[in-house]
$ cat my_file22.cif   # mmCIF, C-alpha atoms and all ligand atoms
data_run
#
loop_
_atom_site.label_atom_id
_atom_site.label_comp_id
_atom_site.auth_asym_id
_atom_site.auth_seq_id
_atom_site.Cartn_x
_atom_site.Cartn_y
_atom_site.Cartn_z
CA MET R 493 28.83 -39.34 -33.85
CA GLY R 494 25.31 -39.45 -35.32
CA LYS R 495 23.11 -42.09 -36.85
CA ALA R 496 24.59 -42.71 -40.26
CA SER R 497 27.95 -44.41 -40.43
CA THR R 498 30.79 -42.68 -42.23
CA SER R 499 33.53 -44.36 -44.19
CA TRP R 500 37.19 -44.09 -43.27
CA GLY R 501 38.91 -40.92 -44.42
CA SER R 502 35.73 -38.84 -44.12
CA HIS R 503 35.31 -35.82 -41.91
CA ARG R 504 32.43 -35.30 -39.49
CA ARG R 505 31.51 -32.31 -37.38
CA ILE R 506 30.76 -33.31 -33.81
CA ASP R 507 29.44 -31.46 -30.80
CA VAL R 508 31.33 -32.73 -27.77
CA GLY R 509 31.46 -29.56 -25.69
CA THR R 510 34.49 -27.40 -25.15
CA VAL R 511 37.90 -28.99 -24.72
CA THR R 512 39.83 -27.11 -22.02
CA ARG R 513 43.47 -27.47 -21.02
CA GLN R 514 45.62 -25.39 -18.72
CA TYR R 515 48.87 -23.93 -20.03
CA TYR R 516 51.24 -21.17 -19.06
CA CYS R 517 50.36 -18.47 -21.61
CA THR R 518 53.51 -16.65 -22.72
CA ALA R 519 51.57 -13.47 -23.64
CA CYS R 520 49.57 -13.26 -20.38
CA GLU R 521 52.65 -14.47 -18.46
CA SER R 522 50.42 -16.63 -16.29
CA VAL R 523 48.56 -19.95 -16.21
CA ARG R 524 45.38 -19.71 -18.25
CA PRO R 525 42.70 -22.10 -19.49
CA PHE R 526 42.89 -22.63 -23.25
CA ASN R 527 39.50 -23.51 -24.78
CA SER R 528 38.37 -25.04 -28.05
CA LYS R 529 35.20 -24.17 -29.93
CA LYS R 530 32.20 -26.39 -29.15
CA GLN R 531 31.99 -27.96 -32.57
CA LEU R 532 35.01 -30.02 -33.54
CA ASN R 533 36.04 -31.64 -36.80
CA CYS R 534 36.93 -35.28 -36.59
CA LEU R 535 38.38 -37.60 -39.16
CA VAL R 536 37.17 -41.21 -39.25
CA ALA R 537 40.44 -43.16 -39.32
CA GLY R 538 38.97 -46.67 -39.31
CA PRO R 539 35.98 -48.71 -38.12
CA ASP R 540 36.82 -47.93 -34.50
CA LEU R 541 39.30 -45.04 -34.71
CA VAL R 542 38.69 -41.29 -34.78
CA SER R 543 41.26 -38.54 -35.14
CA ILE R 544 40.45 -35.09 -33.76
CA ASP R 545 42.46 -31.93 -34.33
CA VAL R 546 41.68 -29.13 -31.91
CA VAL R 547 42.81 -25.52 -31.72
CA LEU R 548 42.71 -24.15 -28.18
CA LYS R 549 42.75 -20.41 -27.50
CA CYS R 550 43.78 -18.62 -24.33
CA VAL R 551 40.70 -17.19 -22.59
CA ASP R 552 42.37 -13.80 -22.17
CA CYS R 553 44.36 -13.25 -25.38
CA THR R 554 44.75 -14.50 -28.94
CA ASN R 555 47.48 -17.09 -28.28
CA THR R 556 46.56 -20.53 -29.58
CA VAL R 557 47.95 -24.07 -29.34
CA GLU R 558 47.11 -27.19 -31.34
CA ASN R 559 46.18 -30.56 -29.85
CA TRP R 560 45.72 -33.83 -31.67
CA PHE R 561 43.80 -36.76 -30.17
CA LEU R 562 43.39 -40.29 -31.48
CA LEU R 563 40.39 -42.06 -29.92
CA LYS R 564 39.45 -45.73 -30.08
CA CYS R 565 35.87 -46.89 -29.75
CA ALA R 566 35.05 -50.08 -27.82
CA ASP R 567 31.52 -50.42 -29.22
CA ASP R 568 29.55 -48.71 -31.98
CA LEU R 569 31.38 -45.61 -33.17
CA PHE R 570 28.14 -44.30 -34.66
CA GLY R 571 25.95 -45.09 -31.67
CA GLN R 572 24.32 -42.48 -29.46
CA ALA R 573 26.92 -42.62 -26.67
CA PRO R 574 29.99 -44.47 -27.92
CA SER R 575 32.46 -45.70 -25.31
CA VAL R 576 35.84 -44.29 -26.31
CA SER R 577 39.36 -44.34 -24.90
CA LEU R 578 42.35 -42.19 -25.71
CA VAL R 579 45.03 -43.91 -27.79
CA TYR R 580 47.33 -40.98 -28.41
CA CYS R 581 47.54 -37.30 -27.63
CA ASN R 582 50.03 -34.84 -29.03
CA GLU R 583 50.32 -31.09 -28.70
CA HIS R 584 52.04 -28.26 -30.50
CA LEU R 585 52.55 -25.27 -28.24
CA GLY R 586 54.98 -23.20 -30.32
CA SER R 587 55.90 -19.94 -28.60
CA SER R 588 52.33 -19.38 -27.35
CA ALA R 589 52.39 -21.53 -24.25
CA ASN R 590 54.41 -23.81 -21.97
CA ALA R 591 53.18 -27.08 -20.50
CA LEU R 592 52.58 -27.21 -16.75
CA GLY R 593 53.56 -29.71 -14.12
CA PRO R 594 56.41 -32.18 -14.01
CA ASN R 595 58.90 -31.71 -16.82
CA ASP R 596 59.01 -35.40 -17.46
CA THR R 597 57.07 -35.63 -20.71
CA VAL R 598 56.03 -39.25 -20.32
CA MET R 599 54.56 -38.71 -16.85
CA GLN R 600 52.83 -35.53 -17.91
CA ASP R 601 51.39 -37.29 -20.94
CA LEU R 602 49.88 -39.98 -18.69
CA LEU R 603 48.32 -37.33 -16.47
CA ASP R 604 47.00 -35.47 -19.51
CA ARG R 605 45.34 -38.65 -20.76
CA ALA R 606 43.84 -39.30 -17.33
CA ASP R 607 42.51 -35.72 -17.18
CA LEU R 608 41.09 -35.97 -20.66
CA GLY R 609 39.31 -39.22 -19.79
CA ARG R 610 37.92 -37.59 -16.66
CA ARG R 611 36.59 -34.65 -18.65
CA VAL R 612 34.73 -36.88 -21.07
CA GLY R 613 33.39 -39.05 -18.24
CA LEU R 614 35.41 -42.24 -18.74
CA ALA R 615 36.20 -43.65 -15.30
CA ALA R 616 38.12 -46.79 -16.22
CA GLY R 617 39.64 -45.06 -19.24
CA SER R 618 41.03 -42.23 -17.11
CA ILE R 619 42.07 -44.24 -14.07
CA ILE R 620 44.08 -46.71 -16.12
CA TYR R 621 46.50 -43.85 -16.86
CA LEU R 622 46.71 -42.92 -13.18
CA ARG R 623 47.53 -46.53 -12.41
CA LYS R 624 50.22 -46.57 -15.11
CA HIS R 625 51.69 -43.36 -13.70
CA PHE R 626 51.66 -44.87 -10.20
CA GLU R 627 53.38 -48.06 -11.39
CA ILE R 628 56.17 -46.25 -13.25
CA THR R 629 56.87 -44.04 -10.22
CA THR R 630 56.84 -46.91 -7.75
CA HIS R 631 58.97 -49.21 -9.90
CA THR R 632 61.48 -46.40 -10.44
CA ALA R 633 61.67 -45.79 -6.70
CA ALA R 634 61.93 -49.55 -6.01
CA THR R 635 64.88 -49.86 -8.37
CA GLY R 636 66.49 -46.85 -6.68
CA VAL R 637 66.26 -48.31 -3.17
CA GLY R 638 66.99 -51.91 -4.08
CA VAL R 639 63.48 -53.33 -3.68
CA PRO R 640 63.22 -56.29 -6.08
CA LEU R 641 60.56 -56.23 -8.81
CA LEU R 642 60.75 -60.02 -9.25
CA THR R 643 60.37 -62.91 -6.83
CA GLU R 644 63.23 -65.31 -6.17
CA LYS R 645 61.74 -67.53 -8.86
CA ASP R 646 61.89 -64.63 -11.35
CA LYS R 647 58.13 -64.12 -11.31
CA ARG R 648 56.69 -60.60 -11.14
CA ARG R 649 55.99 -59.48 -7.58
CA SER R 650 52.58 -58.06 -6.86
CA PHE R 651 52.45 -54.30 -7.19
CA ALA R 652 50.95 -53.99 -3.69
CA ASP R 653 53.96 -55.82 -2.17
CA ILE R 654 56.44 -53.61 -4.02
CA LEU R 655 54.58 -50.44 -3.02
CA ARG R 656 54.42 -51.47 0.62
CA GLU R 657 58.12 -52.29 0.78
CA VAL R 658 59.20 -49.07 -0.96
CA ASP R 659 56.91 -47.03 1.28
CA GLN R 660 58.35 -48.67 4.40
CA LYS R 661 61.86 -47.77 3.25
CA ILE R 662 61.43 -44.20 2.08
CA GLN R 663 57.79 -43.25 2.73
CA ILE R 664 56.51 -42.23 -0.68
CA ILE R 665 52.77 -42.18 0.10
CA PRO R 666 51.79 -38.62 1.05
CA GLU R 667 50.73 -37.98 4.63
CA GLU R 668 47.21 -37.11 3.51
CA PHE R 669 46.86 -40.74 2.42
CA SER R 670 48.94 -42.42 5.10
CA GLN R 671 45.84 -44.11 6.49
CA ASP R 672 44.30 -45.20 3.24
CA GLY R 673 46.98 -45.09 0.54
CA TYR R 674 46.78 -48.85 0.03
CA ARG R 675 43.01 -48.83 0.00
CA LEU R 676 43.05 -46.15 -2.70
CA PHE R 677 45.50 -48.24 -4.66
CA SER R 678 43.23 -51.26 -4.54
CA GLU R 679 40.39 -49.02 -5.69
CA LEU R 680 42.48 -48.08 -8.72
CA SER R 681 42.58 -51.78 -9.60
CA THR R 682 38.88 -52.34 -8.94
CA VAL R 683 37.91 -49.55 -11.30
CA ILE R 684 40.27 -50.72 -14.03
CA HIS R 685 38.89 -54.22 -13.88
CA GLY R 686 35.42 -52.84 -14.42
CA ASN R 687 34.10 -53.84 -11.00
CA ALA R 688 33.18 -50.34 -9.87
CA ASP R 689 30.25 -48.15 -10.70
CA GLU R 690 31.40 -45.55 -13.25
CA MET R 691 29.88 -42.61 -11.39
CA VAL R 692 31.37 -43.69 -8.06
CA ALA R 693 34.73 -44.18 -9.78
CA LEU R 694 34.63 -40.70 -11.32
CA GLY R 695 33.84 -39.30 -7.88
CA LYS R 696 37.07 -40.82 -6.61
CA PHE R 697 39.16 -39.54 -9.49
CA ASP R 698 40.36 -36.36 -7.77
CA ALA R 699 41.53 -38.18 -4.64
CA LEU R 700 43.26 -40.85 -6.69
CA ARG R 701 44.95 -38.20 -8.84
CA ARG R 702 46.23 -36.39 -5.71
CA LEU R 703 47.62 -39.67 -4.40
CA VAL R 704 49.40 -40.48 -7.67
CA VAL R 705 50.85 -36.98 -8.12
CA GLY R 706 51.84 -36.85 -4.42
CA VAL R 707 53.76 -40.13 -4.69
CA PHE R 708 55.47 -38.89 -7.85
CA GLU R 709 56.55 -35.65 -6.19
CA ASN R 710 57.83 -37.45 -3.10
CA VAL R 711 59.95 -39.77 -5.22
CA ARG R 712 61.21 -36.95 -7.42
CA ASN R 713 62.10 -34.78 -4.42
CA ARG R 714 63.87 -37.69 -2.87
CA ALA R 715 65.87 -38.30 -6.04
CA GLU R 716 66.78 -34.61 -6.28
CA PHE R 717 67.77 -34.49 -2.62
CA THR R 718 70.03 -37.52 -2.96
CA GLN R 719 71.54 -36.18 -6.18
CA ALA R 720 72.26 -32.89 -4.40
CA THR R 721 73.92 -34.63 -1.46
CA ASN R 722 75.96 -36.75 -3.86
CA ASP R 723 77.04 -33.61 -5.68
CA LEU R 724 78.20 -32.19 -2.36
CA GLY R 725 80.25 -35.32 -1.75
CA TRP R 726 78.14 -36.47 1.20
CA VAL R 727 77.99 -40.15 1.95
CA SER R 728 75.17 -41.77 0.06
CA LYS R 729 72.68 -43.67 2.18
CA GLY R 730 72.19 -46.06 -0.68
CA GLU R 731 68.74 -44.70 -1.38
CA LEU R 732 67.59 -43.33 -4.70
ZN ZN R 801 46.93 -15.45 -22.96
#
$ encode --input "my_file22.cif" --output "structure tokens" --more "lines below"
Ligand SMILES: [Zn+2]
Amino acid sequence: MGKASTSWGSHRRIDVGTVTRQYYCTACESVRPFNSKKQLNCLVAGPDLVSIDVVLKCVDCTNTVENWFLLKCADDLFGQAPSVSLVYCNEHLGSSANALGPNDTVMQDLLDRADLGRRVGLAAGSIIYLRKHFEITTHTAATGVGVPLLTEKDKRRSFADILREVDQKIQIIPEEFSQDGYRLFSELSTVIHGNADEMVALGKFDALRRLVVGVFENVRNRAEFTQATNDLGWVSKGEL
């Protein structure tokens, strides 16, 4: 942010590099990167909060979308390399673009936050959203197939136990990760608890993201398949 501190409500120009997000451009009728300018305006919202409005333009035409990010700083906001995490992200696409990926807005939002964290080099900050995504998917699947989320004494079961039981019932971990799906999961936890080297953690981001998205797609396909068979009047197997 620069050396001198700035009071709340003030604007600062910052150079954070280009923000890039992929959208389906309605003019180009294809998926295109949408880029911001290098210099962005940010609004100091409090001692540790920064609000950034960004306009992103399609690389091949004049279509634009607006993104708004709210970032929280864990240390000195005005230091040389502040450690920030994403609190909130919102987007206005209008008729220029459509969002990609799963239609479920909540899940997409978690992935967007993870991707944003990855782009700005925050390992724990990005992987915490992957972990959240993974938990929601697994808990949803567990509920669907009757795997309990609580112990008999009404305590929360460990996530690893729930995942293992759901996977044994309906195999939600993609084949690519069949050997090391659980290991990758434990790595998600290690990174979040700050016990992993940031650079090593960032190097694992892509594999972890593939695992999380793969599990989500398996569960969603399963749900769609069962819904379809129910619609056809087939006997439900009692799964999802
Ligand atoms: Zn375009």
$ residues_near_ligand --input "my_file22.cif" --ligand "ligand ZN 801 (chain R)" --cutoff "9 Å" --atoms "only C-alpha atoms and all ligand atoms" --output "ChimeraX atom specification"
/R:516-526,549-556,588-589
$ closest_residue --input "my_file22.cif" --among "R:Asp659, R:Asp607, R:Asp567, R:Glu558" --to "Leu700 in chain R" --atoms "all atoms listed in the file"
R:Asp607
$ atom_distance --input "my_file22.cif" --atom1 "CA of Tyr621 in chain R" --atom2 "CA of Lys564 in chain R"
15.1 Å
$ atom_distance --input "my_file22.cif" --atom1 "CA of Pro539 in chain R" --atom2 "CA of Val557 in chain R"
28.8 Å
$ atom_distance --input "my_file22.cif" --atom1 "CA of Arg701 in chain R" --atom2 "CA of Arg611 in chain R"
13.4 Å
$ closest_residue --input "my_file22.cif" --among "R:Glu667, R:Asp601, R:Glu657, R:Asp689" --to "Phe561 in chain R" --atoms "all atoms listed in the file"
R:Asp601
$ closest_residue --input "my_file22.cif" --among "R:Gln660, R:Ser650, R:Ser681, R:Gln671" --to "Ile620 in chain R" --atoms "all atoms listed in the file"
R:Ser681
$ residues_around --input "my_file22.cif" --residues "Thr682 in chain R" --least-positions-apart "6" --cutoff "12 Å" --atoms "all atoms listed in the file" --output "list in words"
Ala615, Ala616, Ile619, Ile620, Arg623, Arg675, Leu676, Ala688, Asp689, Glu690, Val692, Ala693 and Lys696 of chain R
$ closest_atom_pairs --input "my_file22.cif" --of "range 529-637 of chain R" --to "range 704-713 of chain R" --cutoff "7 Å" --atoms "only C-alpha atoms" --output "JSON lines"
{"residue": "R:Leu622", "atom": "CA", "partner": "R:Val704", "partner_atom": "CA", "distance": 6.6}
{"residue": "R:Phe626", "atom": "CA", "partner": "R:Val704", "partner_atom": "CA", "distance": 5.5}
{"residue": "R:Thr629", "atom": "CA", "partner": "R:Phe708", "partner_atom": "CA", "distance": 5.8}
{"residue": "R:Ala633", "atom": "CA", "partner": "R:Val711", "partner_atom": "CA", "distance": 6.4}
$ closest_residue --input "my_file22.cif" --among "R:Asp545, R:Asp568, R:Glu679, R:Asp540" --to "Asn582 in chain R" --atoms "all atoms listed in the file"
R:Asp545
$ residues_near_point --input "my_file22.cif" --point "(53.9, -53.2, -6.2)" --cutoff "12 Å" --atoms "only C-alpha atoms" --output "ChimeraX atom specification"
/R:623-624,626-635,639-643,648-659,674,677-678,681
$ residues_near_point --input "my_file22.cif" --point "(31.4, -41.0, -30.9)" --cutoff "10 Å" --atoms "all atoms listed in the file" --output "PyMOL selection string"
chain R and resi 493-494+506-508+534+540-542+563-565+567-576
$ closest_residue --input "my_file22.cif" --among "R:Tyr580, R:Phe697, R:Tyr515, R:Phe669" --to "Leu602 in chain R" --atoms "only C-alpha atoms"
R:Tyr580
$ axis_aligned_box --input "my_file22.cif" --around "range 602-617 of chain R" --padding-each-side "4 Å" --output "JSON"
{"center_x": 41.6, "center_y": -40.7, "center_z": -18.2, "size_x": 24.5, "size_y": 20.1, "size_z": 13.8}
$ closest_residue --input "my_file22.cif" --among "R:Val546, R:Met691, R:Leu680, R:Leu703" --to "Glu668 in chain R" --atoms "all atoms listed in the file"
R:Leu703
